[in-house]
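Working notes for the structure below.
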Amino acid sequence: MDLFFRETGHGQPLLILHGLFGSSDNWMSIAKALQEHYTCIIPDLRNHGQSPNSEEWNYRVMVEDLLQLIQKLGLNSTYMLGHSMGGKLAMEFSLFNPSYISKLVVADISPRHYPVHHQTILEGLNSLDLEKLKSRKEADEILSSSVPEFGVRAFLLKNLGRDDEGKFEWKLNLDVIGRNIEEVGISVSDGLEFDHPTLFMRGERSKYVSDQDFENAKSIFPDSKLVTIADAGHWLHAEKPVEFVKALRKFLDQ
């Protein structure tokens with residue numbers, strides 16, 4: 001699949017992979033903070049943003065999408081950063097294609113299995129009748145009954161766009177994502193190892209990566225270390241961007 005991507009900056013290539021319900025647009029502020037030192041390449045993963053939709057959606061095909069993009073851009077060695085679902089994808093890609101990745105950064109996710117926990121969000125998004133929807137404000141009000149956190153709603157509603165006739169439409173393939181949501185939480189492939197430098201980052205207030213999760217991850221990523229961003233949750237790059245960029249650069253510049 002030919003993925004849409006954004007590119008900014010100059011220097012060593014850094015591929016940035018967004019999480020579930022996200023897009024490349026969510027990472028542009030981080031990319032701008034890095035652009036003097038790295039060439040930031042941020043794709044929209046399949047069924048998200050401006051990339052094509054597909055009935056097939058799992059880590060295997062997303063790895064193939066990334067490999068196609070890397071080869072298209074002629075990248076022989078790149079840094080890779082992934083957050084949440086993007087972090088799972090980054091781990092999976094690095095295990096099967098280690099020669100392309102010189103350093104790996106995994107933000108607030110670990111290799112283990114995660115049970116489905118996005119049902120409330122999916123129900124909230126599906127509760128919006130786009131045919132009758134009159135404004136983004138109305139969408140926010142409707143969604144608030146399912147998703148009370150304003151910041152999370154603002155993030156989710158970035159996926160709401162308009163078609164050529166001015167009618168609201170989703171920028172993500174909500175039907176396919178809903179039907180295949182179990183795929184997001186599966187554990188990374190067994191029996192493989194990535195021995196290049198790896199950084200796991202987690203938010204202090206997030207419950208996604210425990211100390212034991214990291215110890216287990218070291219069996220797959222033996223040259224890895226863990227950094228905790230103080231007073232940050234799961235969206236650590238959005239909540240603490242300065243601290244996130246500082247920790248990221250310290251690792252990549254070593």
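Ordering of the structure tokens sets the chain letters (A, B, ...); residue numbers start at 1 within each chain; ligands are numbered from 1 in the order shown.
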So that I can check the secondary structure, give me every residue of region 12-247 of chain A assigned alpha helix (DSSP H) by backbone DSSP, as an MDAnalysis selection string. chainID A and resid 28:34 59:73 85:96 119:126 136:143 150:156 174:179 211:217 236:239 241:247
Skip Ile142 (chain A) itself and residues of its chain fewer than 2 positions away, then list as a PyMOL selection string all residues within 10 Å of it, counting only C-alpha atoms. chain A and resi 124-125+127-129+133+136-140+144-147
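In this comparison, which uses only C-alpha atoms, the residue of A:Lys225, A:His83, A:Arg112, A:Lys246 approaching Leu15 (chain A) most closely is A:His83.
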Between A:Lys103, A:Lys167, A:Arg60, A:Lys32, single out the one closest to Pro13 (chain A), counting only C-alpha atoms. A:Lys103
CA of Gln50 (chain A) to CA of Gly178 (chain A), straight-line distance in Å: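 Those two atoms sit 18.5 Å apart.
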Leu3 (chain A) surroundings by only C-alpha atoms, 12 Å radius, close-in-sequence under 2 positions cut, as a PyMOL selection string: chain A and resi 1+5-6+17+23-24+41-54+62-70+72-73
Within 9 Å of region 84-97 of chain A using only C-alpha atoms, minus same-chain residues under 4 positions, as a PyMOL selection string: chain A and resi 16-20+45+59-60+62-64+66-67+80+101+104-111+184-189+192-194+208+220+234-235
For C-alpha atoms, I'd like the residues from the last selection saved as a PDB file, in the first residue's frame.
ATOM      1  CA  ILE A  16       7.405   8.379  13.458  1.00  0.00           C
ATOM      2  CA  LEU A  17       4.398   6.058  13.762  1.00  0.00           C
ATOM      3  CA  HIS A  18       1.158   7.342  15.275  1.00  0.00           C
ATOM      4  CA  GLY A  19      -1.207   5.345  17.468  1.00  0.00           C
ATOM      5  CA  LEU A  20      -4.772   4.102  17.083  1.00  0.00           C
ATOM      6  CA  LEU A  45      -1.001   4.152   8.664  1.00  0.00           C
ATOM      7  CA  TYR A  59       0.422  -5.716  12.032  1.00  0.00           C
ATOM      8  CA  ARG A  60       1.626  -8.059   9.300  1.00  0.00           C
ATOM      9  CA  MET A  62       1.213  -2.711   8.213  1.00  0.00           C
ATOM     10  CA  VAL A  63       4.806  -3.985   8.388  1.00  0.00           C
ATOM     11  CA  GLU A  64       4.635  -4.573   4.641  1.00  0.00           C
ATOM     12  CA  LEU A  66       6.235   0.424   6.089  1.00  0.00           C
ATOM     13  CA  LEU A  67       8.786  -1.684   4.234  1.00  0.00           C
ATOM     14  CA  MET A  80      12.057   4.587  14.254  1.00  0.00           C
ATOM     15  CA  ILE A 101      16.458   0.184  11.959  1.00  0.00           C
ATOM     16  CA  LEU A 104      14.214   2.065  18.070  1.00  0.00           C
ATOM     17  CA  VAL A 105      12.025   4.148  20.387  1.00  0.00           C
ATOM     18  CA  VAL A 106       8.793   2.694  21.794  1.00  0.00           C
ATOM     19  CA  ALA A 107       6.467   5.176  23.532  1.00  0.00           C
ATOM     20  CA  ASP A 108       4.112   3.909  26.248  1.00  0.00           C
ATOM     21  CA  ILE A 109       3.522   0.372  25.088  1.00  0.00           C
ATOM     22  CA  SER A 110       5.255  -2.973  25.627  1.00  0.00           C
ATOM     23  CA  PRO A 111       5.461  -6.219  23.615  1.00  0.00           C
ATOM     24  CA  VAL A 184      -4.328  -3.796  18.111  1.00  0.00           C
ATOM     25  CA  GLY A 185      -3.538  -5.489  21.409  1.00  0.00           C
ATOM     26  CA  ILE A 186      -1.871  -8.708  20.280  1.00  0.00           C
ATOM     27  CA  SER A 187       1.633  -9.464  21.528  1.00  0.00           C
ATOM     28  CA  VAL A 188       4.616  -9.097  19.223  1.00  0.00           C
ATOM     29  CA  SER A 189       5.848 -12.151  17.353  1.00  0.00           C
ATOM     30  CA  LEU A 192      12.729 -13.139  17.464  1.00  0.00           C
ATOM     31  CA  GLU A 193      15.178 -10.632  18.929  1.00  0.00           C
ATOM     32  CA  PHE A 194      16.198  -7.061  18.064  1.00  0.00           C
ATOM     33  CA  TYR A 208       0.553   0.714  29.967  1.00  0.00           C
ATOM     34  CA  ILE A 220      13.282  -9.474  23.105  1.00  0.00           C
ATOM     35  CA  HIS A 234      -0.394   7.702  27.920  1.00  0.00           C
ATOM     36  CA  TRP A 235      -0.143  10.660  25.515  1.00  0.00           C
TER      37      TRP A 235
END
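Non-sequential neighbours of Phe21 (chain A) (distance at most 9 Å, separation of 5 or more positions within a chain, only C-alpha atoms) are His48, Gly49, Phe155, Leu156, Asn159, Leu172 and Leu174 of chain A.
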Export, as a short mmCIF file (atom, residue, chain, number, x, y, z; two decimals), in the first residue's frame, the selected residues with C-alpha atoms.
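File produced: out_27.cif:
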data_model
loop_
_atom_site.label_atom_id
_atom_site.label_comp_id
_atom_site.auth_asym_id
_atom_site.auth_seq_id
_atom_site.Cartn_x
_atom_site.Cartn_y
_atom_site.Cartn_z
CA HIS A 48 -6.05 6.29 9.11
CA GLY A 49 -5.66 9.87 7.92
CA PHE A 155 -7.83 14.21 19.58
CA LEU A 156 -10.56 11.89 18.30
CA ASN A 159 -10.58 12.48 12.40
CA LEU A 172 -10.38 6.81 9.34
CA LEU A 174 -14.12 3.18 11.52
#
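By chain and then residue number, the residues within 8 Å of Phe168 (chain A) are Leu130, Glu131, Leu133, Leu160, Gly161 and Arg162 of chain A, counting only C-alpha atoms and disregarding those fewer than 6 positions away in sequence.
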Counting only C-alpha atoms, which of A:Phe150, A:Tyr38, A:Tyr100, A:Tyr114 gets nearest to Lys207 (chain A)?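 For Lys207 (chain A), the nearest of the candidates is A:Tyr114.
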From a DSSP pass on the backbone, collect the residues of region 30-249 of chain A flagged as strand (DSSP E) and hand them back as a PDB file with N, CA and C atoms, in the first residue's frame.
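Written out: part13.pdb:
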ATOM      1  N   TYR A  38      16.939  16.102  12.544  1.00  0.00           N
ATOM      2  CA  TYR A  38      16.495  14.856  11.920  1.00  0.00           C
ATOM      3  C   TYR A  38      15.530  15.136  10.778  1.00  0.00           C
ATOM      4  N   THR A  39      15.540  14.241   9.802  1.00  0.00           N
ATOM      5  CA  THR A  39      14.512  14.261   8.774  1.00  0.00           C
ATOM      6  C   THR A  39      13.349  13.413   9.279  1.00  0.00           C
ATOM      7  N   CYS A  40      12.288  14.068   9.710  1.00  0.00           N
ATOM      8  CA  CYS A  40      11.141  13.376  10.280  1.00  0.00           C
ATOM      9  C   CYS A  40      10.179  12.959   9.176  1.00  0.00           C
ATOM     10  N   ILE A  41       9.908  11.671   9.098  1.00  0.00           N
ATOM     11  CA  ILE A  41       8.999  11.102   8.108  1.00  0.00           C
ATOM     12  C   ILE A  41       7.840  10.470   8.876  1.00  0.00           C
ATOM     13  N   ILE A  42       6.633  11.001   8.667  1.00  0.00           N
ATOM     14  CA  ILE A  42       5.483  10.585   9.481  1.00  0.00           C
ATOM     15  C   ILE A  42       4.371  10.087   8.564  1.00  0.00           C
ATOM     16  N   PRO A  43       4.209   8.781   8.431  1.00  0.00           N
ATOM     17  CA  PRO A  43       3.128   8.270   7.587  1.00  0.00           C
ATOM     18  C   PRO A  43       1.793   8.209   8.321  1.00  0.00           C
ATOM     19  N   THR A  78      17.506   3.811   9.387  1.00  0.00           N
ATOM     20  CA  THR A  78      16.692   4.886   9.932  1.00  0.00           C
ATOM     21  C   THR A  78      16.435   4.665  11.416  1.00  0.00           C
ATOM     22  N   TYR A  79      16.168   5.748  12.126  1.00  0.00           N
ATOM     23  CA  TYR A  79      15.618   5.636  13.471  1.00  0.00           C
ATOM     24  C   TYR A  79      14.111   5.448  13.329  1.00  0.00           C
ATOM     25  N   MET A  80      13.508   4.772  14.291  1.00  0.00           N
ATOM     26  CA  MET A  80      12.057   4.587  14.254  1.00  0.00           C
ATOM     27  C   MET A  80      11.477   4.826  15.636  1.00  0.00           C
ATOM     28  N   LEU A  81      10.419   5.620  15.685  1.00  0.00           N
ATOM     29  CA  LEU A  81       9.692   5.939  16.916  1.00  0.00           C
ATOM     30  C   LEU A  81       8.226   5.606  16.713  1.00  0.00           C
ATOM     31  N   GLY A  82       7.640   4.870  17.645  1.00  0.00           N
ATOM     32  CA  GLY A  82       6.225   4.554  17.557  1.00  0.00           C
ATOM     33  C   GLY A  82       5.547   4.718  18.898  1.00  0.00           C
ATOM     34  N   HIS A  83       4.339   5.248  18.877  1.00  0.00           N
ATOM     35  CA  HIS A  83       3.566   5.448  20.105  1.00  0.00           C
ATOM     36  C   HIS A  83       2.353   4.519  20.119  1.00  0.00           C
ATOM     37  N   ILE A 101      16.664  -0.641  10.767  1.00  0.00           N
ATOM     38  CA  ILE A 101      16.458   0.184  11.959  1.00  0.00           C
ATOM     39  C   ILE A 101      17.732   0.214  12.798  1.00  0.00           C
ATOM     40  N   SER A 102      18.341   1.400  12.924  1.00  0.00           N
ATOM     41  CA  SER A 102      19.561   1.515  13.721  1.00  0.00           C
ATOM     42  C   SER A 102      19.262   1.801  15.183  1.00  0.00           C
ATOM     43  N   LYS A 103      18.173   2.529  15.456  1.00  0.00           N
ATOM     44  CA  LYS A 103      17.725   2.768  16.825  1.00  0.00           C
ATOM     45  C   LYS A 103      16.207   2.771  16.855  1.00  0.00           C
ATOM     46  N   LEU A 104      15.655   2.206  17.935  1.00  0.00           N
ATOM     47  CA  LEU A 104      14.214   2.065  18.070  1.00  0.00           C
ATOM     48  C   LEU A 104      13.741   2.753  19.343  1.00  0.00           C
ATOM     49  N   VAL A 105      12.635   3.503  19.229  1.00  0.00           N
ATOM     50  CA  VAL A 105      12.025   4.148  20.387  1.00  0.00           C
ATOM     51  C   VAL A 105      10.559   3.727  20.451  1.00  0.00           C
ATOM     52  N   VAL A 106      10.154   3.192  21.594  1.00  0.00           N
ATOM     53  CA  VAL A 106       8.793   2.694  21.794  1.00  0.00           C
ATOM     54  C   VAL A 106       8.147   3.512  22.911  1.00  0.00           C
ATOM     55  N   ALA A 107       7.096   4.260  22.578  1.00  0.00           N
ATOM     56  CA  ALA A 107       6.467   5.176  23.532  1.00  0.00           C
ATOM     57  C   ALA A 107       5.191   4.591  24.129  1.00  0.00           C
ATOM     58  N   LEU A 160     -12.534  13.892  12.083  1.00  0.00           N
ATOM     59  CA  LEU A 160     -13.786  14.298  11.444  1.00  0.00           C
ATOM     60  C   LEU A 160     -13.499  15.365  10.393  1.00  0.00           C
ATOM     61  N   GLY A 161     -13.771  15.021   9.140  1.00  0.00           N
ATOM     62  CA  GLY A 161     -13.554  15.961   8.046  1.00  0.00           C
ATOM     63  C   GLY A 161     -14.815  16.171   7.239  1.00  0.00           C
ATOM     64  N   ARG A 162     -14.675  16.830   6.120  1.00  0.00           N
ATOM     65  CA  ARG A 162     -15.819  17.071   5.220  1.00  0.00           C
ATOM     66  C   ARG A 162     -15.470  16.591   3.814  1.00  0.00           C
ATOM     67  N   PHE A 168     -20.047  15.930   6.588  1.00  0.00           N
ATOM     68  CA  PHE A 168     -19.061  15.334   7.483  1.00  0.00           C
ATOM     69  C   PHE A 168     -18.752  13.899   7.072  1.00  0.00           C
ATOM     70  N   GLU A 169     -17.491  13.521   7.240  1.00  0.00           N
ATOM     71  CA  GLU A 169     -17.051  12.156   6.973  1.00  0.00           C
ATOM     72  C   GLU A 169     -15.874  11.835   7.887  1.00  0.00           C
ATOM     73  N   TRP A 170     -15.650  10.533   8.123  1.00  0.00           N
ATOM     74  CA  TRP A 170     -14.507  10.113   8.919  1.00  0.00           C
ATOM     75  C   TRP A 170     -13.264  10.002   8.051  1.00  0.00           C
ATOM     76  N   THR A 198      17.585   0.328  21.933  1.00  0.00           N
ATOM     77  CA  THR A 198      16.137   0.531  22.023  1.00  0.00           C
ATOM     78  C   THR A 198      15.812   1.319  23.290  1.00  0.00           C
ATOM     79  N   LEU A 199      14.921   2.284  23.150  1.00  0.00           N
ATOM     80  CA  LEU A 199      14.454   3.073  24.291  1.00  0.00           C
ATOM     81  C   LEU A 199      12.963   2.878  24.467  1.00  0.00           C
ATOM     82  N   PHE A 200      12.565   2.439  25.657  1.00  0.00           N
ATOM     83  CA  PHE A 200      11.156   2.416  26.026  1.00  0.00           C
ATOM     84  C   PHE A 200      10.878   3.663  26.852  1.00  0.00           C
ATOM     85  N   MET A 201       9.848   4.409  26.473  1.00  0.00           N
ATOM     86  CA  MET A 201       9.438   5.598  27.202  1.00  0.00           C
ATOM     87  C   MET A 201       8.026   5.367  27.731  1.00  0.00           C
ATOM     88  N   ARG A 202       7.772   5.837  28.944  1.00  0.00           N
ATOM     89  CA  ARG A 202       6.433   5.692  29.505  1.00  0.00           C
ATOM     90  C   ARG A 202       6.072   6.946  30.291  1.00  0.00           C
ATOM     91  N   GLY A 203       4.772   7.182  30.416  1.00  0.00           N
ATOM     92  CA  GLY A 203       4.301   8.266  31.249  1.00  0.00           C
ATOM     93  C   GLY A 203       4.185   7.804  32.688  1.00  0.00           C
ATOM     94  N   SER A 224      18.199  -2.476  25.654  1.00  0.00           N
ATOM     95  CA  SER A 224      17.135  -1.486  25.850  1.00  0.00           C
ATOM     96  C   SER A 224      17.222  -0.856  27.226  1.00  0.00           C
ATOM     97  N   LYS A 225      16.657   0.338  27.328  1.00  0.00           N
ATOM     98  CA  LYS A 225      16.544   1.011  28.617  1.00  0.00           C
ATOM     99  C   LYS A 225      15.190   1.699  28.685  1.00  0.00           C
ATOM    100  N   LEU A 226      14.821   2.114  29.898  1.00  0.00           N
ATOM    101  CA  LEU A 226      13.498   2.684  30.156  1.00  0.00           C
ATOM    102  C   LEU A 226      13.638   4.091  30.714  1.00  0.00           C
ATOM    103  N   VAL A 227      12.853   5.012  30.157  1.00  0.00           N
ATOM    104  CA  VAL A 227      12.777   6.384  30.650  1.00  0.00           C
ATOM    105  C   VAL A 227      11.328   6.679  31.008  1.00  0.00           C
ATOM    106  N   THR A 228      11.112   7.258  32.174  1.00  0.00           N
ATOM    107  CA  THR A 228       9.775   7.636  32.619  1.00  0.00           C
ATOM    108  C   THR A 228       9.634   9.146  32.588  1.00  0.00           C
ATOM    109  N   ILE A 229       8.618   9.644  31.891  1.00  0.00           N
ATOM    110  CA  ILE A 229       8.355  11.081  31.816  1.00  0.00           C
ATOM    111  C   ILE A 229       7.444  11.463  32.974  1.00  0.00           C
TER     112      ILE A 229
END
Atom-to-atom span, CA of Ile177 (chain A) and CA of Trp57 (chain A), Å: 7.6 Å
So how far away is CA of Ile181 (chain A) from CA of Leu248 (chain A), in Å? 29.3 Å
